[in-house]
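Engineer: Handing over target.cif, mmCIF, C-alpha atoms.
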data_structure
loop_
_atom_site.label_atom_id
_atom_site.label_comp_id
_atom_site.auth_asym_id
_atom_site.auth_seq_id
_atom_site.Cartn_x
_atom_site.Cartn_y
_atom_site.Cartn_z
CA MET A 170 -32.33 -136.21 -23.02
CA ASN A 171 -30.14 -133.38 -21.79
CA ASN A 172 -26.95 -134.29 -19.96
CA GLN A 173 -24.65 -131.44 -20.99
CA GLN A 174 -21.86 -130.08 -18.82
CA TYR A 175 -21.40 -126.35 -18.52
CA THR A 176 -18.67 -125.48 -21.01
CA ASN A 177 -20.22 -122.44 -22.68
CA ASP A 178 -22.47 -124.81 -24.60
CA PRO A 179 -25.91 -123.39 -25.52
CA ALA A 180 -27.35 -126.82 -24.66
CA ALA A 181 -26.61 -126.02 -21.02
CA LEU A 182 -29.23 -123.25 -21.10
CA GLN A 183 -31.72 -125.74 -22.49
CA SER A 184 -30.91 -128.00 -19.54
CA VAL A 185 -31.57 -125.22 -17.05
CA LYS A 186 -34.77 -124.26 -18.82
CA GLY A 187 -35.82 -127.89 -18.97
CA GLY A 188 -35.65 -128.29 -15.22
CA ILE A 189 -36.86 -124.86 -14.13
CA ILE A 190 -39.63 -124.41 -16.67
CA GLY A 191 -40.47 -128.08 -16.20
CA LEU A 192 -41.07 -127.28 -12.52
CA PHE A 193 -43.15 -124.15 -13.24
CA THR A 194 -45.28 -125.88 -15.86
CA ALA A 195 -46.03 -128.85 -13.64
CA ASP A 196 -46.82 -126.54 -10.72
CA ALA A 197 -49.34 -124.65 -12.87
CA LEU A 198 -50.91 -127.91 -14.00
CA GLY A 199 -51.47 -128.91 -10.39
CA VAL A 200 -52.77 -125.62 -8.96
CA PRO A 201 -56.43 -126.08 -10.00
CA TYR A 202 -56.57 -129.53 -8.37
CA GLU A 203 -54.86 -128.83 -5.05
CA PHE A 204 -56.50 -130.51 -2.05
CA MET A 205 -58.74 -132.68 -4.25
CA SER A 206 -58.67 -136.37 -3.37
CA ARG A 207 -57.45 -139.01 -5.77
CA LYS A 208 -60.98 -140.29 -6.09
CA GLU A 209 -62.35 -136.85 -6.89
CA ILE A 210 -59.75 -136.26 -9.58
CA ALA A 211 -60.29 -139.73 -11.03
CA ALA A 212 -63.80 -138.67 -11.99
CA ARG A 213 -62.28 -135.97 -14.24
CA PRO A 214 -58.54 -136.63 -14.54
CA ALA A 215 -56.07 -133.93 -15.46
CA THR A 216 -55.22 -134.17 -19.17
CA ASP A 217 -54.25 -130.59 -20.04
CA MET A 218 -53.46 -127.14 -18.67
CA ILE A 219 -56.64 -125.67 -17.17
CA GLY A 220 -57.43 -122.81 -14.85
CA TYR A 221 -59.57 -121.82 -11.87
CA GLY A 222 -60.51 -124.80 -9.72
CA THR A 223 -59.27 -124.78 -6.11
CA HIS A 224 -57.65 -121.33 -6.07
CA ASN A 225 -59.74 -119.70 -8.83
CA GLN A 226 -56.61 -118.75 -10.79
CA PRO A 227 -56.35 -118.47 -14.59
CA PRO A 228 -54.52 -121.14 -16.63
CA GLY A 229 -50.75 -121.01 -16.32
CA THR A 230 -50.77 -119.70 -12.75
CA TRP A 231 -48.01 -121.17 -10.61
CA SER A 232 -47.87 -121.27 -6.83
CA ASP A 233 -45.49 -120.79 -3.92
CA ASP A 234 -43.42 -123.73 -5.18
CA SER A 235 -42.31 -121.74 -8.21
CA THR A 236 -42.12 -118.39 -6.44
CA MET A 237 -39.72 -119.73 -3.82
CA THR A 238 -37.69 -121.39 -6.58
CA LEU A 239 -37.47 -118.00 -8.30
CA CYS A 240 -36.30 -116.40 -5.08
CA LEU A 241 -33.51 -118.98 -4.82
CA LEU A 242 -32.55 -118.49 -8.47
CA TYR A 243 -32.28 -114.72 -8.11
CA SER A 244 -30.41 -114.98 -4.83
CA LEU A 245 -27.86 -117.36 -6.37
CA VAL A 246 -27.40 -115.10 -9.39
CA MET A 247 -26.61 -112.20 -7.06
CA HIS A 248 -24.68 -114.30 -4.52
CA PRO A 249 -23.21 -117.39 -6.24
CA GLN A 250 -21.51 -118.53 -3.02
CA LEU A 251 -24.87 -118.50 -1.18
CA ASP A 252 -26.19 -115.79 1.12
CA THR A 253 -29.03 -117.23 3.17
CA ASP A 254 -29.83 -113.86 4.71
CA ASP A 255 -30.45 -112.49 1.23
CA LEU A 256 -32.57 -115.52 0.41
CA GLY A 257 -34.54 -115.12 3.62
CA ARG A 258 -35.24 -111.46 2.84
CA ARG A 259 -36.57 -112.45 -0.58
CA PHE A 260 -38.87 -115.00 1.03
CA ILE A 261 -40.18 -112.33 3.40
CA GLN A 262 -40.80 -109.97 0.47
CA TRP A 263 -42.79 -112.70 -1.21
CA TYR A 264 -44.80 -113.34 1.95
CA ARG A 265 -45.54 -109.70 2.69
CA GLN A 266 -45.45 -108.01 -0.71
CA GLY A 267 -46.12 -110.73 -3.27
CA LEU A 268 -42.59 -110.66 -4.72
CA TRP A 269 -42.26 -112.95 -7.72
CA THR A 270 -45.79 -114.26 -7.60
CA ALA A 271 -47.62 -115.13 -10.80
CA HIS A 272 -50.10 -112.26 -10.53
CA ASP A 273 -48.65 -110.05 -7.78
CA GLU A 274 -50.53 -111.75 -4.97
CA LEU A 275 -49.84 -114.63 -2.62
CA PHE A 276 -52.58 -117.25 -2.62
CA ASP A 277 -50.81 -120.27 -1.13
CA ILE A 278 -48.24 -120.76 1.64
CA GLY A 279 -47.44 -123.70 3.88
CA ILE A 280 -47.88 -123.53 7.64
CA ALA A 281 -44.25 -124.37 8.47
CA THR A 282 -43.01 -121.85 5.94
CA ARG A 283 -45.24 -119.09 7.31
CA GLN A 284 -44.10 -119.81 10.85
CA ALA A 285 -40.44 -119.72 9.81
CA LEU A 286 -40.82 -116.42 7.96
CA THR A 287 -42.55 -114.93 10.98
CA ARG A 288 -39.58 -116.01 13.12
CA MET A 289 -37.22 -114.37 10.63
CA GLU A 290 -39.16 -111.12 10.78
CA SER A 291 -39.13 -111.11 14.57
CA GLY A 292 -35.33 -111.25 14.64
CA ALA A 293 -35.47 -113.87 17.38
CA VAL A 294 -33.10 -116.25 15.61
CA PRO A 295 -30.59 -116.15 12.73
CA TYR A 296 -32.31 -116.85 9.42
CA GLU A 297 -30.67 -120.27 9.09
CA GLN A 298 -32.25 -121.29 12.39
CA ALA A 299 -35.74 -120.04 11.57
CA GLY A 300 -37.01 -123.33 10.19
CA GLY A 301 -38.89 -125.66 12.47
CA GLU A 302 -37.06 -128.80 13.62
CA ASP A 303 -39.92 -130.75 15.21
CA GLU A 304 -41.63 -133.72 13.58
CA TYR A 305 -44.59 -131.58 12.51
CA SER A 306 -42.31 -129.26 10.51
CA ASN A 307 -41.68 -131.88 7.84
CA GLY A 308 -43.86 -130.45 5.12
CA ASN A 309 -42.51 -130.33 1.57
CA GLY A 310 -41.87 -126.57 1.56
CA SER A 311 -38.11 -126.84 1.23
CA LEU A 312 -38.04 -129.80 -1.16
CA MET A 313 -40.26 -127.99 -3.64
CA ARG A 314 -37.76 -125.14 -4.15
CA ILE A 315 -34.40 -126.92 -3.97
CA LEU A 316 -33.96 -127.70 -7.70
CA PRO A 317 -31.62 -124.77 -8.53
CA LEU A 318 -28.99 -126.37 -6.28
CA VAL A 319 -28.76 -129.29 -8.72
CA TYR A 320 -27.26 -126.97 -11.32
CA ARG A 321 -25.28 -124.82 -8.92
CA LEU A 322 -23.67 -127.81 -7.19
CA SER A 323 -23.29 -130.23 -10.07
CA HIS A 324 -19.47 -130.07 -9.94
CA THR A 325 -19.00 -130.04 -6.17
CA THR A 326 -18.40 -132.80 -3.64
CA ILE A 327 -21.18 -134.69 -1.94
CA ALA A 328 -20.17 -133.10 1.37
CA GLU A 329 -20.54 -129.61 -0.12
CA ARG A 330 -23.93 -130.49 -1.56
CA TYR A 331 -25.16 -131.68 1.82
CA GLU A 332 -24.02 -128.46 3.48
CA TRP A 333 -25.72 -126.23 0.91
CA VAL A 334 -28.94 -128.24 1.07
CA ARG A 335 -28.85 -128.04 4.87
CA ARG A 336 -28.43 -124.27 4.85
CA VAL A 337 -31.05 -123.57 2.19
CA SER A 338 -33.61 -125.94 3.70
CA SER A 339 -33.05 -124.75 7.27
CA LEU A 340 -34.49 -121.33 6.54
CA THR A 341 -37.90 -122.98 6.70
CA HIS A 342 -37.41 -126.70 7.46
CA ARG A 343 -34.61 -127.93 9.76
CA HIS A 344 -35.74 -131.41 10.73
CA PRO A 345 -33.30 -134.16 9.61
CA VAL A 346 -36.05 -135.81 7.51
CA SER A 347 -36.48 -132.65 5.46
CA LEU A 348 -32.72 -132.29 5.08
CA LEU A 349 -32.14 -135.84 3.88
CA ALA A 350 -35.10 -135.63 1.49
CA GLY A 351 -33.51 -132.56 -0.08
CA VAL A 352 -30.15 -134.30 -0.31
CA ILE A 353 -31.63 -137.32 -2.09
CA TYR A 354 -33.49 -135.08 -4.54
CA VAL A 355 -30.40 -133.04 -5.35
CA GLU A 356 -28.25 -136.16 -5.73
CA LEU A 357 -30.78 -137.62 -8.17
CA GLY A 358 -30.81 -134.37 -10.13
CA VAL A 359 -27.01 -134.26 -10.30
CA GLU A 360 -26.92 -137.90 -11.37
CA LEU A 361 -29.41 -137.21 -14.18
CA LEU A 362 -27.47 -134.13 -15.25
CA HIS A 363 -24.24 -136.08 -15.63
CA SER A 364 -25.48 -139.51 -16.67
CA PRO A 365 -24.66 -140.83 -20.15
CA PRO A 366 -27.52 -140.53 -22.65
CA ALA A 367 -27.96 -144.31 -22.76
CA ARG A 368 -28.48 -144.63 -19.01
CA SER A 369 -32.08 -145.23 -18.00
CA LEU A 370 -33.93 -143.40 -15.26
CA ARG A 371 -33.99 -146.58 -13.26
CA ASP A 372 -30.21 -147.01 -13.50
CA SER A 373 -29.74 -143.43 -12.31
CA TYR A 374 -32.13 -144.05 -9.44
CA LEU A 375 -30.22 -147.18 -8.40
CA ALA A 376 -26.93 -145.30 -8.57
CA VAL A 377 -28.31 -142.64 -6.22
CA CYS A 378 -29.63 -145.28 -3.83
CA GLU A 379 -26.09 -146.70 -3.64
CA THR A 380 -24.59 -143.23 -3.10
CA ILE A 381 -26.98 -142.46 -0.26
CA ARG A 382 -26.45 -145.86 1.37
CA ARG A 383 -22.69 -145.36 1.20
CA HIS A 384 -22.59 -141.84 2.58
CA TYR A 385 -25.64 -141.51 4.82
CA SER A 386 -26.36 -144.92 6.37
CA ASP A 387 -25.55 -143.41 9.78
CA HIS A 388 -27.93 -140.48 9.30
CA ALA A 389 -30.38 -140.14 12.18
CA GLU A 390 -33.41 -140.56 9.91
CA TYR A 391 -31.95 -142.95 7.34
CA ASP A 392 -34.43 -145.73 8.13
CA ARG A 393 -37.35 -143.48 7.23
CA PHE A 394 -36.17 -143.61 3.61
CA THR A 395 -35.98 -147.41 3.33
CA ARG A 396 -38.74 -147.66 0.70
CA ILE A 397 -36.78 -145.37 -1.59
CA LEU A 398 -33.32 -146.72 -0.88
CA GLN A 399 -34.13 -150.41 -1.30
CA GLY A 400 -34.17 -149.67 -5.02
CA ASN A 401 -37.60 -151.06 -5.84
CA LEU A 402 -39.88 -148.08 -5.32
CA ASP A 403 -41.19 -148.45 -8.87
CA GLN A 404 -42.52 -151.91 -8.00
CA LEU A 405 -45.13 -150.45 -5.66
CA SER A 406 -48.69 -149.98 -6.85
CA VAL A 407 -50.22 -146.52 -7.00
CA ASP A 408 -52.36 -147.42 -3.97
CA ASN A 409 -49.14 -147.54 -1.91
CA ILE A 410 -48.03 -144.06 -2.96
CA ALA A 411 -49.17 -141.16 -0.77
CA SER A 412 -49.39 -137.64 -2.16
CA GLY A 413 -50.05 -135.31 0.75
CA GLY A 414 -47.79 -132.58 2.07
CA TYR A 415 -45.37 -134.73 4.10
CA VAL A 416 -41.92 -134.30 2.57
CA LEU A 417 -41.11 -138.01 2.48
CA HIS A 418 -44.36 -138.77 0.68
CA THR A 419 -43.69 -136.05 -1.88
CA LEU A 420 -40.19 -137.37 -2.55
CA GLU A 421 -41.47 -140.93 -2.89
CA ALA A 422 -44.31 -139.88 -5.16
CA SER A 423 -42.03 -137.87 -7.45
CA ILE A 424 -39.47 -140.66 -7.86
CA TRP A 425 -42.17 -143.31 -8.29
CA THR A 426 -43.89 -141.19 -10.93
CA LEU A 427 -40.67 -140.66 -12.87
CA LEU A 428 -39.88 -144.37 -12.81
CA THR A 429 -43.32 -145.53 -13.91
CA THR A 430 -43.86 -143.13 -16.83
CA ASP A 431 -42.12 -142.54 -20.15
CA SER A 432 -42.38 -138.83 -20.94
CA TYR A 433 -42.53 -135.41 -19.34
CA ARG A 434 -46.23 -135.10 -20.16
CA GLU A 435 -47.13 -138.47 -18.70
CA ALA A 436 -45.02 -137.92 -15.59
CA VAL A 437 -46.49 -134.58 -14.57
CA LEU A 438 -50.08 -135.53 -15.36
CA THR A 439 -49.65 -138.72 -13.35
CA ALA A 440 -48.32 -136.63 -10.46
CA VAL A 441 -51.34 -134.30 -10.56
CA ASN A 442 -53.77 -137.21 -10.73
CA LEU A 443 -52.35 -138.63 -7.49
CA GLY A 444 -54.38 -135.91 -5.77
CA GLU A 445 -54.00 -133.98 -2.50
CA ASP A 446 -50.89 -131.73 -2.74
CA THR A 447 -51.10 -131.74 -6.51
CA ASP A 448 -49.09 -128.62 -7.31
CA THR A 449 -46.09 -129.59 -5.19
CA THR A 450 -46.03 -133.27 -6.16
CA ALA A 451 -46.19 -132.18 -9.79
CA ALA A 452 -43.56 -129.43 -9.36
CA VAL A 453 -41.06 -131.74 -7.64
CA THR A 454 -41.68 -134.34 -10.35
CA GLY A 455 -41.65 -131.79 -13.15
CA GLY A 456 -38.27 -130.36 -12.23
CA LEU A 457 -36.56 -133.73 -12.62
CA ALA A 458 -38.68 -134.77 -15.60
CA GLY A 459 -37.83 -131.54 -17.41
CA LEU A 460 -34.16 -132.01 -16.61
CA TYR A 461 -34.20 -135.61 -17.86
CA TYR A 462 -36.40 -135.37 -20.95
CA GLY A 463 -35.30 -131.85 -21.90
CA TYR A 464 -36.92 -128.49 -22.52
CA ASP A 465 -38.42 -129.49 -25.86
CA ALA A 466 -40.30 -132.36 -24.20
CA ILE A 467 -42.41 -129.85 -22.24
CA PRO A 468 -45.52 -129.30 -24.39
CA ALA A 469 -45.25 -125.91 -26.08
CA GLU A 470 -48.95 -125.25 -25.56
CA TRP A 471 -48.41 -125.57 -21.81
CA ARG A 472 -45.24 -123.49 -21.68
CA SER A 473 -46.85 -120.69 -23.65
CA GLN A 474 -49.59 -120.28 -21.05
CA LEU A 475 -47.26 -119.77 -18.09
CA ALA A 476 -47.67 -116.49 -16.26
CA ARG A 477 -44.60 -114.23 -16.58
CA LEU A 478 -42.90 -116.60 -19.02
CA ASP A 479 -40.52 -113.86 -20.19
CA ASP A 480 -39.37 -113.27 -16.61
CA ILE A 481 -38.85 -116.99 -16.05
CA GLU A 482 -36.79 -117.35 -19.21
CA GLU A 483 -34.72 -114.27 -18.34
CA ILE A 484 -33.74 -115.59 -14.92
CA CYS A 485 -32.92 -118.99 -16.46
CA GLU A 486 -30.55 -117.21 -18.85
CA ARG A 487 -28.94 -115.17 -16.07
CA PHE A 488 -28.60 -118.24 -13.88
CA ASP A 489 -27.05 -120.22 -16.72
CA ARG A 490 -24.50 -117.46 -17.40
CA MET A 491 -23.56 -117.47 -13.72
CA ILE A 492 -23.13 -121.27 -13.75
CA GLN A 493 -21.03 -121.18 -16.90
CA SER A 494 -18.87 -118.40 -15.48
CA LEU A 495 -18.19 -120.41 -12.33
CA SER A 496 -17.47 -123.50 -14.40
CA SER A 497 -14.92 -121.68 -16.55
CA GLN A 498 -13.19 -120.41 -13.41
CA THR A 499 -12.93 -123.84 -11.80
CA GLY A 500 -12.40 -125.94 -14.91
CA GLY A 501 -15.81 -127.58 -14.60
CA GLY A 502 -14.56 -130.93 -13.41
CA THR A 503 -17.18 -133.39 -12.22
CA ASN A 504 -16.89 -134.62 -8.66
CA HIS A 505 -19.66 -136.91 -7.46
CA GLU A 506 -17.92 -137.83 -4.24
#
In structure tokens, what does this structure look like?
Structural biologist:
Amino acid sequence: MNNQQYTNDPAALQSVKGGIIGLFTADALGVPYEFMSRKEIAARPATDMIGYGTHNQPPGTWSDDSTMTLCLLYSLVMHPQLDTDDLGRRFIQWYRQGLWTAHDELFDIGIATRQALTRMESGAVPYEQAGGEDEYSNGNGSLMRILPLVYRLSHTTIAERYEWVRRVSSLTHRHPVSLLAGVIYVELGVELLHSPPARSLRDSYLAVCETIRRHYSDHAEYDRFTRILQGNLDQLSVDNIASGGYVLHTLEASIWTLLTTDSYREAVLTAVNLGEDTDTTAAVTGGLAGLYYGYDAIPAEWRSQLARLDDIEEICERFDRMIQSLSSQTGGGTNHE
């Protein structure tokens, strides 16, 4: 388990790599199965890294989940205090030119994300207002790329974390459901990052439920998250866990999967075998699983197959140096409230 604070400790880099490469690896595991039903996958469950399938991509190919995460990582390295215009421009470069794709081509993009990027290009609205705010704009396209904020904001206040999540998400998804989903995910990541080694995943989950109840009970969409915040999500059967592209379902599926498995490998394979939006459910799960279980828990034979692994590791190192630099400037004190 990796719960190191950023005090120029090499273990901190392993923590960053655990989460980020955990996300990429899980994404790549899910790509061949995307859009397959749970029943279809059950006939030949995911047990290893394979290729081709739905998108006809070679093994180790990651999707838009990882590309957009890379864009956020690079933007934060260049602009540690957050520049959403810069981030938006990187998203547009990905959409139009294949920036930071696994094999220099875009093969997957969500509808809400495409619409938001088109609005950015048109110049009709500021980038932070480009995301859709209607009920049908609640896909998981912002949740899937929000993980870097866990590391960047691990020593900030809960109010600051909400504001950063709001700004980053709103580029593509502005509905309050999408915003609160991102907040809960980041809070869980921060809790795992700082929790004592002896604390269980379930205890961390319950602590986050209490934090969200205390700070966000008056949120406009709070009631939509009741199944998560009651603290017994892990008691539900798999038949009660949806795994499509709706952001709330993805958040529920990722937390449920973490709570009902005992290793990185088991967590991400379980996420893929839920079916439907397999790459994103796995990526959202894999980011937290990699953070919790640590980099070394990600099977080496999977990591080694990742497209552009050297590039991924390089940006993890640059991102970690930026985080450590900020921590040394501020003293690195933890502030959960």
Engineer: When you count all atoms listed in the file, which of these residues is closest to A:Pro249: A:Leu286, A:Met491, A:Leu192, A:Ala451?
Structural biologist: A:Met491
Engineer: The PyMOL selection byres ((chain A and resi 300) around 7) on the file shown: which residues, as number ranges by chain?
Structural biologist: A: 285, 298-299, 301-302, 339-343
Engineer: Could you list, as a ChimeraX atom specification, every residue within 7 Å of A:Ser184, counting only C-alpha atoms and ignoring same-chain residues fewer than 4 positions away?
Structural biologist: /A:171,180,188,460,463-464
Engineer: Which residue gives the smallest distance to A:Ser347 among A:Tyr296, A:Phe260, A:Tyr391, A:Tyr320, with only C-alpha atoms counted?
Structural biologist: A:Tyr391
Engineer: Give as a ChimeraX atom specification the residues that the PyMOL selection byres ((chain A and resi 258) around 10) matches when applied to the coordinates above.
Structural biologist: /A:240,244,253-257,259-264,286,289-290,296
Engineer: Quick one: pull the distance between atom CA of A:Val416 and atom CA of A:Ala350, Å, one decimal.
Structural biologist: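 Between atom CA of A:Val416 and atom CA of A:Ala350 the gap works out to 7.0 Å.
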Engineer: Of the residues A:Asp431, A:Asp408, A:Glu203, A:Asp489, which is the one nearest to A:Ala215, using all atoms listed in the file?
Structural biologist: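 Using all atoms listed in the file, A:Ala215 sits closest to A:Glu203.
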